[in-house]
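Data from my_file-v3.cif: mmCIF, C-alpha atoms
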data_entry
loop_
_atom_site.label_atom_id
_atom_site.label_comp_id
_atom_site.auth_asym_id
_atom_site.auth_seq_id
_atom_site.Cartn_x
_atom_site.Cartn_y
_atom_site.Cartn_z
CA MET J 112 -46.28 39.06 -24.07
CA SER J 113 -44.32 41.09 -26.53
CA LYS J 114 -42.00 39.64 -29.11
CA ASN J 115 -38.93 41.11 -27.35
CA THR J 116 -39.95 39.53 -24.04
CA LYS J 117 -40.35 36.13 -25.70
CA ILE J 118 -36.90 36.44 -27.30
CA ALA J 119 -35.37 37.48 -23.98
CA LEU J 120 -36.99 34.51 -22.15
CA ALA J 121 -35.86 32.09 -24.86
CA GLY J 122 -32.31 33.50 -24.68
CA ALA J 123 -32.29 33.17 -20.89
CA ALA J 124 -33.51 29.55 -21.14
CA ILE J 125 -30.81 28.72 -23.70
CA ALA J 126 -28.13 30.38 -21.52
CA LYS J 127 -29.33 28.42 -18.47
CA ARG J 128 -29.23 25.17 -20.44
CA GLU J 129 -25.67 25.93 -21.57
CA ARG J 130 -24.58 26.70 -17.99
CA ASP J 131 -26.12 23.43 -16.80
CA LYS J 132 -24.31 21.52 -19.56
CA GLN J 133 -20.99 23.08 -18.59
CA LYS J 134 -21.62 22.34 -14.91
CA ASN J 135 -22.48 18.69 -15.68
CA HIS J 136 -19.45 18.37 -17.96
CA ALA J 137 -17.15 19.78 -15.24
CA SER J 138 -18.60 17.42 -12.61
CA SER J 139 -18.23 14.43 -14.97
CA ASP J 140 -14.55 15.40 -15.53
CA SER J 141 -13.93 15.45 -11.79
CA HIS J 142 -15.91 12.19 -11.49
CA GLU J 143 -13.67 10.62 -14.16
CA LYS J 144 -10.55 11.85 -12.32
CA GLY J 145 -11.95 10.37 -9.10
CA ASN J 146 -12.55 7.05 -10.85
CA LEU J 147 -8.98 7.04 -12.18
CA MET J 148 -7.55 7.71 -8.70
CA ARG J 149 -9.81 5.02 -7.23
CA ALA J 150 -8.59 2.53 -9.87
CA ILE J 151 -4.94 3.36 -9.19
CA PHE J 152 -5.53 3.05 -5.44
CA GLY J 153 -7.28 -0.28 -6.06
CA ILE J 154 -4.44 -1.68 -8.19
CA PHE J 155 -1.51 -0.44 -6.10
CA PRO J 156 -0.72 -2.78 -3.15
CA LEU J 157 0.02 -0.56 -0.16
CA LEU J 158 2.54 -3.00 1.32
CA VAL J 159 4.92 -1.87 -1.43
CA ILE J 160 5.51 1.28 0.67
CA PRO J 161 7.05 -0.34 3.80
CA VAL J 162 8.94 -2.88 1.64
CA ALA J 163 10.35 -0.03 -0.47
CA LEU J 164 11.30 1.85 2.71
CA TYR J 165 13.14 -1.21 4.01
CA ASN J 166 14.84 -1.60 0.62
CA LEU J 167 16.04 2.00 0.73
CA LEU J 168 17.50 1.44 4.17
CA ALA J 169 19.01 -1.96 3.34
CA LEU J 170 20.50 -1.01 0.00
CA GLY J 171 21.64 2.41 1.21
CA PHE J 172 23.23 0.93 4.33
CA GLY J 173 25.54 -1.51 2.57
CA GLY J 174 27.66 -2.76 5.40
CA ALA J 175 30.29 -5.39 4.80
CA VAL J 176 29.48 -9.07 5.16
CA GLU J 177 33.15 -10.03 5.10
CA THR J 178 35.89 -8.11 6.90
CA VAL J 179 39.56 -8.65 7.69
CA ASN J 180 40.51 -8.96 11.36
CA ALA J 181 43.77 -7.77 13.02
CA GLN J 182 45.59 -10.99 12.04
CA GLY J 183 44.67 -10.48 8.38
CA GLU J 184 42.16 -13.32 8.33
CA LEU J 185 38.90 -13.04 6.42
CA VAL J 186 35.97 -12.99 8.87
CA ARG J 187 32.39 -13.44 7.73
CA ALA J 188 29.63 -11.61 9.65
CA THR J 189 27.09 -13.85 11.36
CA SER J 190 24.26 -11.31 11.29
CA ALA J 191 22.90 -8.79 8.82
CA PRO J 192 24.88 -5.52 8.71
CA ILE J 193 21.64 -3.51 8.90
CA LEU J 194 20.68 -4.87 12.35
CA ASN J 195 22.34 -2.00 14.22
CA LEU J 196 20.33 0.50 12.17
CA LEU J 197 17.02 -1.38 12.62
CA ASN J 198 17.55 -1.79 16.36
CA GLY J 199 18.33 1.91 16.77
CA PRO J 200 15.78 4.08 18.54
CA PHE J 201 13.08 5.73 16.46
CA MET J 202 11.09 7.26 19.29
CA HIS J 203 11.11 7.35 23.11
CA LEU J 204 8.07 8.00 25.28
CA PRO J 205 8.16 8.26 29.07
CA MET J 206 5.59 5.99 30.69
CA ILE J 207 3.66 6.51 33.92
CA SER J 208 5.54 3.54 35.38
CA GLY J 209 8.75 5.59 35.18
CA VAL J 210 10.45 3.73 32.33
CA ASP J 211 10.92 4.89 28.76
CA TRP J 212 9.11 3.03 26.03
CA MET J 213 11.31 2.82 22.93
CA LEU J 214 10.11 2.18 19.42
CA THR J 215 12.95 1.00 17.17
CA LYS J 216 13.22 1.82 13.47
CA GLY J 217 12.43 -1.80 12.57
CA ASP J 218 9.36 -1.72 14.82
CA ALA J 219 8.21 1.53 13.18
CA ILE J 220 8.43 -0.07 9.71
CA LEU J 221 6.41 -3.04 10.97
CA LEU J 222 3.80 -0.76 12.54
CA LEU J 223 3.40 1.04 9.22
CA ALA J 224 3.11 -2.32 7.45
CA ILE J 225 0.37 -3.47 9.85
CA VAL J 226 -1.69 -0.38 9.05
CA PHE J 227 -1.24 -0.96 5.32
CA LEU J 228 -2.10 -4.67 5.67
CA PHE J 229 -5.36 -3.68 7.36
CA LEU J 230 -6.17 -1.30 4.48
CA GLU J 231 -5.28 -3.98 1.94
CA ILE J 232 -7.70 -6.43 3.54
CA LEU J 233 -10.42 -3.77 3.45
CA LYS J 234 -9.67 -3.14 -0.24
CA SER J 235 -9.90 -6.84 -1.06
CA THR J 236 -13.64 -6.92 -0.30
CA SER J 237 -14.37 -5.48 -3.74
CA THR J 238 -14.64 -7.85 -6.71
CA GLY J 239 -13.52 -5.73 -9.64
CA THR J 240 -10.75 -6.12 -12.18
CA SER J 241 -8.49 -3.78 -10.22
CA THR J 242 -8.71 -6.14 -7.23
CA ILE J 243 -7.47 -9.06 -9.33
CA ILE J 244 -4.58 -6.97 -10.62
CA ASN J 245 -3.85 -5.92 -7.02
CA HIS J 246 -3.62 -9.59 -5.98
CA ALA J 247 -1.27 -10.35 -8.88
CA ILE J 248 1.03 -7.45 -8.00
CA SER J 249 0.89 -8.47 -4.32
CA MET J 250 2.01 -11.98 -5.33
CA MET J 251 4.92 -10.50 -7.29
CA LEU J 252 5.83 -8.39 -4.24
CA PHE J 253 5.89 -11.52 -2.07
CA ILE J 254 8.11 -13.36 -4.60
CA VAL J 255 10.56 -10.43 -4.72
CA CYS J 256 10.61 -10.31 -0.91
CA LEU J 257 11.27 -14.06 -0.72
CA ILE J 258 14.16 -13.81 -3.18
CA GLN J 259 15.65 -10.88 -1.25
CA PHE J 260 15.24 -12.70 2.07
CA LEU J 261 17.03 -15.80 0.77
CA LEU J 262 19.82 -14.15 -1.21
CA LEU J 263 20.75 -10.74 0.23
CA PRO J 264 22.45 -10.36 3.62
CA ASN J 265 20.69 -7.16 4.72
CA PHE J 266 17.32 -8.82 4.17
CA ALA J 267 17.98 -11.75 6.52
CA THR J 268 16.42 -10.02 9.52
CA SER J 269 13.33 -10.74 11.55
CA THR J 270 11.92 -7.33 10.55
CA PHE J 271 12.09 -8.21 6.86
CA PHE J 272 10.84 -11.76 7.51
CA ILE J 273 7.73 -10.29 9.16
CA LEU J 274 7.30 -7.86 6.24
CA MET J 275 7.57 -10.79 3.84
CA SER J 276 5.02 -12.75 5.90
CA MET J 277 2.65 -9.78 5.73
CA ALA J 278 3.03 -9.73 1.94
CA LEU J 279 2.11 -13.43 1.87
CA LEU J 280 -0.85 -12.84 4.19
CA ASP J 281 -1.97 -9.97 1.94
CA VAL J 282 -2.04 -12.34 -1.03
CA LEU J 283 -3.79 -15.17 0.83
CA ALA J 284 -6.30 -13.00 2.69
CA GLY J 285 -7.01 -10.94 -0.41
CA VAL J 286 -7.77 -13.97 -2.55
CA VAL J 287 -9.89 -15.63 0.15
CA VAL J 288 -11.87 -12.47 0.92
CA THR J 289 -12.41 -11.80 -2.79
CA ILE J 290 -13.65 -15.35 -3.37
CA VAL J 291 -16.03 -15.17 -0.40
CA SER J 292 -17.31 -11.76 -1.55
CA ALA J 293 -17.79 -13.03 -5.11
CA ARG J 294 -19.67 -16.12 -3.88
CA ARG J 295 -21.92 -13.95 -1.76
CA ASP J 296 -22.57 -11.61 -4.72
CA PHE J 297 -23.21 -14.63 -6.96
CA GLY J 298 -25.56 -16.16 -4.39
CA VAL J 299 -27.56 -12.95 -4.08
CA ALA J 300 -27.79 -12.59 -7.86
CA GLY J 301 -28.82 -16.26 -8.22
CA ASP J 302 -31.73 -15.78 -5.82
CA LEU J 303 -33.30 -13.08 -7.96
#

Let me see whether you can do it: turn the structure in this file into structure tokens.
Amino acid sequence: MSKNTKIALAGAAIAKRERDKQKNHASSDSHEKGNLMRAIFGIFPLLVIPVALYNLLALGFGGAVETVNAQGELVRATSAPILNLLNGPFMHLPMISGVDWMLTKGDAILLLAIVFLFLEILKSTSTGTSTIINHAISMMLFIVCLIQFLLLPNFATSTFFILMSMALLDVLAGVVVTIVSARRDFGVAGDL
């Protein structure tokens, strides 16, 4: 082999090595971004979304708790002002039986919350630091929901009570599932 051929082969090998380094560096950057998104997803309790949606509706739809009647007397409402909005239709579907099935706005929020509760329980099977932070934030969410339920008139509805109960179940189920998963992991590691 001539000297020029050897130099050309060495240059090609060096160029290939550099391309491989750049490719590995780019894939590690995307891997790091994926890990960051996975950590954020692991920390963020998904039940915040339906609770925030309810808060937007409740705080945006003020409604008066006390009104003045025709005689000028102060009358206090016996139900939450938001009830008319929550009981309003969200979607109608005609059924084979001939009736219309109606999903109310409150029911739609609860349906969304059920899906997120399912995902939260699936997330709680991991035993990392992000799971512990998720449980702590979920506990704070439940405490905020409880305070709102007890103190604010638009939050004294069965829809919000069920949302608050789901937040409590998320905390309880998450902690129990995490403990069971950790025990199982500890038991497997102890057998080795």

Q. Can you tell me, as JSON, numbers by chain, what residues are no more than 8 Å from region 261-266 of chain J when counting only C-alpha atoms, ignoring any on the same chain fewer than 4 positions away?
A. {"J": [169, 170, 173, 176, 190, 191, 192, 193, 194, 257, 271, 272]}

Q: Record the distance separating CA of Met202 (chain J) and CA of Gly171 (chain J), expressed in Å with one decimal.
A: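 Spanning CA of Met202 (chain J) to CA of Gly171 (chain J) is a straight-line distance of 21.5 Å.
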
Q: Measuring atom to atom with only C-alpha atoms, identify which of J:Leu223, J:Ile244, J:Val291, J:Leu230 is nearest to Ala150 (chain J).
A: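 Ranked by minimum distance to Ala150 (chain J), first place goes to J:Ile244.
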
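One distance worth recording is that between CA of Leu168 (chain J) and CA of Ser249 (chain J), which is 21.1 Å.
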
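Separating CA of Thr270 (chain J) from CA of Asp218 (chain J) is a distance of 7.5 Å.
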
Given the file above and the PyMOL selection byres ((chain J and resi 252) around 12), which residues are selected, and can you give them as a CSV table (one decimal) with C-alpha atoms, keeping the file's coordinate frame?
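Final output, saved to part12.csv:
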chain,number,residue,atom,x,y,z
J,155,PHE,CA,-1.5,-0.4,-6.1
J,156,PRO,CA,-0.7,-2.8,-3.2
J,157,LEU,CA,0.0,-0.6,-0.2
J,158,LEU,CA,2.5,-3.0,1.3
J,159,VAL,CA,4.9,-1.9,-1.4
J,160,ILE,CA,5.5,1.3,0.7
J,161,PRO,CA,7.0,-0.3,3.8
J,162,VAL,CA,8.9,-2.9,1.6
J,163,ALA,CA,10.4,0.0,-0.5
J,245,ASN,CA,-3.8,-5.9,-7.0
J,246,HIS,CA,-3.6,-9.6,-6.0
J,247,ALA,CA,-1.3,-10.4,-8.9
J,248,ILE,CA,1.0,-7.4,-8.0
J,249,SER,CA,0.9,-8.5,-4.3
J,250,MET,CA,2.0,-12.0,-5.3
J,251,MET,CA,4.9,-10.5,-7.3
J,253,PHE,CA,5.9,-11.5,-2.1
J,254,ILE,CA,8.1,-13.4,-4.6
J,255,VAL,CA,10.6,-10.4,-4.7
J,256,CYS,CA,10.6,-10.3,-0.9
J,257,LEU,CA,11.3,-14.1,-0.7
J,258,ILE,CA,14.2,-13.8,-3.2
J,259,GLN,CA,15.6,-10.9,-1.2
J,274,LEU,CA,7.3,-7.9,6.2
J,275,MET,CA,7.6,-10.8,3.8
J,276,SER,CA,5.0,-12.8,5.9
J,277,MET,CA,2.6,-9.8,5.7
J,278,ALA,CA,3.0,-9.7,1.9
J,279,LEU,CA,2.1,-13.4,1.9
J,280,LEU,CA,-0.8,-12.8,4.2
J,281,ASP,CA,-2.0,-10.0,1.9
J,282,VAL,CA,-2.0,-12.3,-1.0
